[in-house]
Every structure is written in structure tokens, then in C-alpha cells.
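Structure file start.csv; described as CSV, C-alpha atoms and all ligand atoms.
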chain,number,residue,atom,x,y,z
A,1,MET,CA,-16.6,6.9,-7.3
A,2,SER,CA,-16.4,10.5,-5.8
A,3,ILE,CA,-13.0,11.4,-4.4
A,4,ALA,CA,-11.9,14.5,-2.7
A,5,VAL,CA,-8.3,15.6,-2.0
A,6,ILE,CA,-8.4,17.7,1.2
A,7,TYR,CA,-5.3,19.7,2.0
A,8,GLY,CA,-3.8,22.1,4.5
A,9,SER,CA,-0.8,24.1,3.4
A,10,THR,CA,1.0,27.1,4.8
A,11,THR,CA,3.6,28.0,2.1
A,12,GLY,CA,1.9,26.3,-0.8
A,13,SER,CA,4.0,23.1,-1.2
A,14,THR,CA,1.3,20.7,-0.1
A,15,ALA,CA,-1.4,22.7,-2.0
A,16,GLU,CA,0.5,22.3,-5.3
A,17,ILE,CA,0.9,18.5,-4.8
A,18,ALA,CA,-2.8,18.2,-3.8
A,19,ALA,CA,-3.8,19.8,-7.1
A,20,SER,CA,-1.7,17.4,-9.0
A,21,ILE,CA,-3.0,14.4,-7.2
A,22,ALA,CA,-6.6,15.6,-7.6
A,23,SER,CA,-6.1,16.2,-11.3
A,24,ALA,CA,-4.6,12.7,-11.8
A,25,LEU,CA,-7.5,11.0,-9.9
A,26,GLY,CA,-10.2,13.2,-11.3
A,27,ALA,CA,-11.0,14.3,-7.8
A,28,ASP,CA,-12.3,17.5,-6.2
A,29,CYS,CA,-9.5,19.5,-4.5
A,30,LEU,CA,-10.5,21.4,-1.4
A,31,ASN,CA,-8.7,23.4,1.3
A,32,VAL,CA,-9.4,22.0,4.7
A,33,ALA,CA,-10.3,25.5,5.9
A,34,GLU,CA,-13.4,25.3,3.8
A,35,VAL,CA,-14.8,21.8,4.6
A,36,SER,CA,-17.4,20.5,7.1
A,37,ALA,CA,-18.0,17.0,8.4
A,38,ASP,CA,-21.1,16.6,6.2
A,39,LYS,CA,-19.1,17.7,3.1
A,40,LEU,CA,-16.4,15.1,3.8
A,41,ALA,CA,-18.9,12.4,4.4
A,42,GLY,CA,-20.5,13.0,1.0
A,43,TYR,CA,-17.5,11.5,-0.8
A,44,ASP,CA,-16.7,7.8,-1.3
A,45,ALA,CA,-13.0,8.4,-0.7
A,46,LEU,CA,-10.8,11.0,0.8
A,47,VAL,CA,-7.1,11.8,0.1
A,48,LEU,CA,-5.9,13.8,3.0
A,49,GLY,CA,-2.8,16.0,2.8
A,50,SER,CA,-0.9,18.1,5.4
A,51,SER,CA,2.5,19.6,5.9
A,52,THR,CA,4.1,19.1,9.3
A,53,TRP,CA,5.0,22.1,11.6
A,54,GLY,CA,6.3,22.7,15.0
A,55,ALA,CA,7.7,19.4,16.1
A,56,GLY,CA,5.4,16.9,14.4
A,57,ASP,CA,2.3,19.1,14.4
A,58,LEU,CA,-0.5,19.3,11.9
A,59,GLN,CA,-0.5,22.3,9.6
A,60,ASP,CA,-2.5,25.2,11.2
A,61,ASP,CA,-5.7,25.0,9.1
A,62,TRP,CA,-5.9,21.3,9.8
A,63,GLU,CA,-5.3,21.9,13.5
A,64,ALA,CA,-8.2,24.4,13.5
A,65,ASN,CA,-10.6,22.1,11.5
A,66,ILE,CA,-9.5,18.5,12.5
A,67,GLY,CA,-12.9,18.2,14.1
A,68,ALA,CA,-14.5,18.1,10.6
A,69,LEU,CA,-12.6,14.9,9.9
A,70,GLU,CA,-13.1,13.4,13.3
A,71,CYS,CA,-16.8,14.0,13.3
A,72,ALA,CA,-17.5,12.9,9.7
A,73,ASN,CA,-19.2,9.5,9.4
A,74,LEU,CA,-16.7,7.7,7.2
A,75,ALA,CA,-17.9,4.1,7.8
A,76,GLY,CA,-17.5,2.2,4.5
A,77,LYS,CA,-15.3,4.9,3.0
A,78,LYS,CA,-11.6,4.7,2.1
A,79,ALA,CA,-9.0,7.3,3.0
A,80,ALA,CA,-5.3,7.9,2.2
A,81,VAL,CA,-2.7,10.4,3.5
A,82,PHE,CA,0.1,12.3,2.0
A,83,GLY,CA,2.1,15.4,2.9
A,84,THR,CA,5.3,17.4,2.8
A,85,GLY,CA,8.1,17.7,5.3
A,86,ASP,CA,11.8,18.0,5.8
A,87,SER,CA,13.5,14.7,6.4
A,88,LEU,CA,16.9,16.2,7.2
A,89,GLY,CA,15.9,19.1,9.4
A,90,PHE,CA,13.2,17.1,11.2
A,91,ALA,CA,14.2,13.5,11.0
A,92,ASP,CA,12.4,12.5,14.2
A,93,THR,CA,9.1,14.1,13.2
A,94,PHE,CA,9.3,13.8,9.4
A,95,CYS,CA,5.8,14.1,8.1
A,96,ASP,CA,4.3,13.2,11.4
A,97,ALA,CA,1.1,15.1,10.5
A,98,LEU,CA,0.2,12.1,8.3
A,99,ALA,CA,-0.1,10.0,11.4
A,100,ARG,CA,-2.5,12.5,12.9
A,101,LEU,CA,-4.6,12.5,9.8
A,102,ARG,CA,-4.6,8.7,9.7
A,103,ASP,CA,-5.7,8.5,13.3
A,104,ALA,CA,-8.5,10.9,12.8
A,105,ALA,CA,-9.7,9.1,9.6
A,106,VAL,CA,-9.6,5.7,11.3
A,107,ALA,CA,-11.5,7.2,14.3
A,108,ALA,CA,-14.2,8.4,11.9
A,109,GLY,CA,-14.6,4.9,10.5
A,110,ALA,CA,-12.5,5.0,7.3
A,111,THR,CA,-10.5,2.1,5.9
A,112,MET,CA,-6.9,3.3,5.1
A,113,VAL,CA,-5.3,2.6,1.7
A,114,GLY,CA,-2.1,4.0,0.2
A,115,ALA,CA,0.5,2.6,2.6
A,116,GLY,CA,3.7,1.0,1.3
A,117,ALA,CA,7.3,1.5,0.4
A,118,VAL,CA,8.8,4.9,-0.7
A,119,GLU,CA,12.4,4.7,-1.9
A,120,GLY,CA,15.0,7.2,-0.8
A,121,TYR,CA,14.2,7.8,2.9
A,122,ASP,CA,16.8,5.6,4.6
A,123,GLY,CA,16.9,6.2,8.3
A,124,VAL,CA,13.5,7.9,8.7
A,125,ALA,CA,12.1,6.8,12.0
A,126,SER,CA,9.2,9.1,12.6
A,127,ARG,CA,5.5,8.2,13.0
A,128,VAL,CA,5.1,8.2,9.2
A,129,PHE,CA,7.0,4.9,9.1
A,130,GLU,CA,5.2,2.1,10.9
A,131,ASN,CA,5.4,-1.7,10.8
A,132,GLY,CA,8.1,-1.6,8.1
A,133,GLN,CA,6.2,0.7,5.7
A,134,PHE,CA,5.1,4.3,5.2
A,135,ILE,CA,1.5,4.9,6.2
A,136,GLY,CA,0.9,7.1,3.1
A,137,LEU,CA,3.0,9.3,0.8
A,138,PRO,CA,5.6,11.5,2.6
A,139,LEU,CA,7.3,14.0,0.3
A,140,ASP,CA,10.5,16.0,1.0
A,141,VAL,CA,10.2,18.9,-1.4
A,142,SER,CA,12.9,20.8,0.5
A,143,ASN,CA,15.7,18.3,0.1
A,144,GLN,CA,14.6,15.9,-2.6
A,145,PRO,CA,12.5,18.0,-5.0
A,146,GLU,CA,13.7,16.0,-8.0
A,147,LEU,CA,12.0,12.8,-6.7
A,148,THR,CA,8.6,14.3,-6.1
A,149,ASP,CA,7.0,13.9,-9.5
A,150,ALA,CA,7.9,10.2,-9.7
A,151,ARG,CA,6.8,9.5,-6.1
A,152,VAL,CA,3.5,11.2,-6.7
A,153,ALA,CA,2.9,9.4,-10.0
A,154,ALA,CA,3.7,6.0,-8.5
A,155,TRP,CA,1.4,6.6,-5.5
A,156,VAL,CA,-1.5,7.8,-7.7
A,157,GLU,CA,-1.3,4.6,-9.7
A,158,LYS,CA,-1.3,2.6,-6.5
A,159,LEU,CA,-4.3,4.6,-5.2
A,160,LYS,CA,-6.2,4.0,-8.4
A,161,GLY,CA,-6.0,0.3,-7.8
A,162,GLU,CA,-6.7,0.4,-4.1
A,163,LEU,CA,-9.7,2.8,-4.4
A,164,ALA,CA,-11.3,0.8,-7.2
A,201,LIG,C1,9.3,26.1,12.0
A,201,LIG,C2,9.2,24.9,11.1
A,201,LIG,C3,8.9,23.6,11.7
A,201,LIG,C4,8.8,22.5,10.9
A,201,LIG,N1,8.6,21.2,11.5
A,201,LIG,C5,8.6,20.1,10.7
A,201,LIG,C6,8.5,18.8,11.3
A,201,LIG,O1,8.3,18.7,12.5
A,201,LIG,N2,8.5,17.8,10.4
A,201,LIG,C7,8.6,17.9,9.1
A,201,LIG,O2,8.7,16.8,8.4
A,201,LIG,N3,8.8,19.1,8.5
A,201,LIG,C8,8.8,20.2,9.3
A,201,LIG,N4,8.9,21.4,8.6
A,201,LIG,C9,9.0,21.5,7.2
A,201,LIG,C10,7.7,21.8,6.5
A,201,LIG,O3,6.7,20.9,6.8
A,201,LIG,C11,7.9,21.9,5.0
A,201,LIG,O4,8.6,23.0,4.6
A,201,LIG,C12,6.7,21.7,4.1
A,201,LIG,O5,7.0,21.4,2.8
A,201,LIG,C13,5.8,23.0,4.1
A,201,LIG,O6,4.6,22.7,3.3
A,201,LIG,P1,3.4,23.7,3.1
A,201,LIG,O7,4.0,24.8,2.3
A,201,LIG,O8,2.4,23.0,2.3
A,201,LIG,O9,2.9,24.2,4.4
A,201,LIG,C14,9.0,22.6,9.4
A,201,LIG,C15,9.3,23.8,8.9
A,201,LIG,C16,9.4,25.0,9.7
A,201,LIG,C17,9.7,26.3,9.0
So, in terms of C-alpha cells, how does the structure I just supplied come out?
Ligand SMILES: Cc1cc2nc3c(=O)[nH]c(=O)nc-3n(C[C@H](O)[C@H](O)[C@H](O)COP(=O)(O)O)c2cc1C
Amino acid sequence: MSIAVIYGSTTGSTAEIAASIASALGADCLNVAEVSADKLAGYDALVLGSSTWGAGDLQDDWEANIGALECANLAGKKAAVFGTGDSLGFADTFCDALARLRDAAVAAGATMVGAGAVEGYDGVASRVFENGQFIGLPLDVSNQPELTDARVAAWVEKLKGELA
């Protein structure tokens, strides 16, 4: 199965995690600024990562190129979302960009995987938390950096099962 991790990152946090997820999955790792709809549609599965800016907005490169995802034909493909944010400074919009990515992937025909529980985010009520679970993997590298490696490792294992 061909998998690509596609990321947008302004200060490097999400890029670093994208590289680690790609390495663990044996996936390609691409900056969203460099992808087209055809390129995305050439993979069996996409792992989509963005940090959140403004008040719940996509990272700038994603904002500029979200059309590549929206216009890709992802029927029959799987997709998952992850990203970094600040759960203390932006509790109401913590990792909201993941919901934007999810909405675009679903509109393109993808089936979402990678949703579930993530321990340690009591009280988060942003769009990343839906129907009692997280829609992907939200990471708070600003306030909980010590939890990141274990969260990523657990999510990658879950993805391996759900992408198989
Ligand atoms: C001006 C500004 C606005 C931000 N807005 C949000 C936000 O709405 N939600 C959130 O979860 N994080 C927010 N953040 C935190 C960033 O998403 C976080 O620092 C992230 O790790 C940056 O990742 P990157 O280096 O991959 O771009 C904001 C940070 C700044 C400086």
C-alpha cells in the first residue's frame, strides 16, 4: 500500500512529527506546498497534518493549496488527520485545522480512519473532539511535549491496523 504523509508547518513542529510518522509507516513525506490533486490521488492512503493558526484556521500553505485535496479523487482511499496546536492558549480552537482537513478529505471521497481517544486533554471542546472522540491525533507540543512521542507511537500502531 502506498501512503503519503502530507503536512503544512510554519515553525517546524508539524513537519518534525510528519517525518516521524512517515518513517514509522514507511510512507512518503511531502510538504503540502509541493503537491497537486493528481499527486495525492496516486496514493492508496493519505495522512494529513496541519498546525492551527489564527483562531482555528489552517496553516498558511494548506490554506493556499487546500484545493489540491478538495479536487483529488479519493474514492476508495483512506485518510487520517493529525496536527499540532496549543490546548491552553487556544482551548476553543485547539487543533481545529484537523476538522478542515477531514472535511476536505471526506468531500474528496476518502474514508476516514485514525479517530479515537487521546489521553490528557480533559476539557478540550474544539472541533477536533466530536461525538465523544478525537477525529485524529491532536498534539500539544507547546504544553505537553513529554507526551508527544508516546501519542505518536500509539497512533501509528492504530493506523497500521486501520490502513491494512
Ligand atoms: C498567532 C497564533 C495563533 C494560533 N492559533 C491557534 C489555534 O487557534 N489553535 C491551536 O490549537 N493552536 C494555535 N496556535 C498554536 C500553533 O498551532 C502551535 O504553536 C503549533 O505547534 C505550530 O506548529 P507548526 O510549527 O507546525 O506551524 C497559534 C499560535 C500562534 C502564534
Checklist entry - With only C-alpha atoms and all ligand atoms as the atoms that count, which of A:Leu101, A:Val118, A:Val124, A:Ala107 lies nearest to ligand LIG 201 (chain A)? => result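 With only C-alpha atoms and all ligand atoms as the atom set, the closest residue is A:Val124.
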Item to check | Near-stretch 43-58 of chain A list (7 Å; all atoms listed in the file; drop same-chain fewer than 6 positions) as number ranges by chain | outcome: A: 1-9, 14, 18, 77-85, 93, 95-98
Next on the checklist: One decimal, in Å: what's the spacing between atom CA of A:Gly26 and atom CA of A:Val113?
Outcome noted: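 These atoms are spaced 17.5 Å apart.
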Item to check | Among listed residues A:Ala108, A:Ile66, A:Ala117, A:Leu88, nearest ligand LIG 201 (chain A) (using only C-alpha atoms and all ligand atoms) | outcome: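 Checking each of A:Ala108, A:Ile66, A:Ala117, A:Leu88 against ligand LIG 201 (chain A), counting only C-alpha atoms and all ligand atoms, the winner is A:Leu88.
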Checklist entry - If you count all atoms listed in the file, which residues fall within 8 Å of A:Ala68, apart from same-chain ones fewer than 6 positions away, as a PyMOL selection string? => result chain A and resi 35-37+40
Any chance you could export the current selection's C-alpha atoms as a PDB file, in the frame of the given file?
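Generated output (result.pdb):
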ATOM      1  CA  VAL A  35     -14.800  21.800   4.600  1.00  0.00           C
ATOM      2  CA  SER A  36     -17.400  20.500   7.100  1.00  0.00           C
ATOM      3  CA  ALA A  37     -18.000  17.000   8.400  1.00  0.00           C
ATOM      4  CA  LEU A  40     -16.400  15.100   3.800  1.00  0.00           C
TER       5      LEU A  40
END
Next on the checklist: Can you pull out the residues contacting stretch 152-154 of chain A? Cut-off 10 Å, using all atoms listed in the file, and skip same-chain residues under 2 positions away; I want them as a PyMOL selection string.
Outcome noted: chain A and resi 17-18+20-21+24+82+118+137-139+147-150+156-159
Item to check | Selected residue of minimal separation from A:Val106 among A:Gly132, A:Gly120, A:Gly161, A:Gly76, counting only C-alpha atoms | outcome: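 The closest residue to A:Val106 is A:Gly76.
The residue that comes closest to A:Phe134, out of A:Ala105, A:Phe94, A:Ala164, A:Asp61 and on the basis of only C-alpha atoms, is A:Phe94.
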Checklist entry - Can you tell me how far atom CA of A:Glu16 sits from atom N1 of ligand LIG 201 (chain A), in Å to one decimal? => result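 Value for the atom CA of A:Glu16-atom N1 of ligand LIG 201 (chain A) distance: 18.7 Å.
When atom CA of A:Gln133 is paired with atom C7 of ligand LIG 201 (chain A), their separation reads 17.7 Å.
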Next on the checklist: Ranking A:Leu74, A:Ala115, A:Ile135, A:Ala91 by minimum distance to ligand LIG 201 (chain A) and counting all atoms listed in the file, which one comes first?
Outcome noted: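 Nearest candidate to ligand LIG 201 (chain A) out of A:Leu74, A:Ala115, A:Ile135, A:Ala91: A:Ala91.
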Checklist entry - For ligand LIG 201 (chain A), which residue among A:Asp122, A:Glu146, A:Asp86, A:Asp103 is the nearest when counting all atoms listed in the file? => result A:Asp86
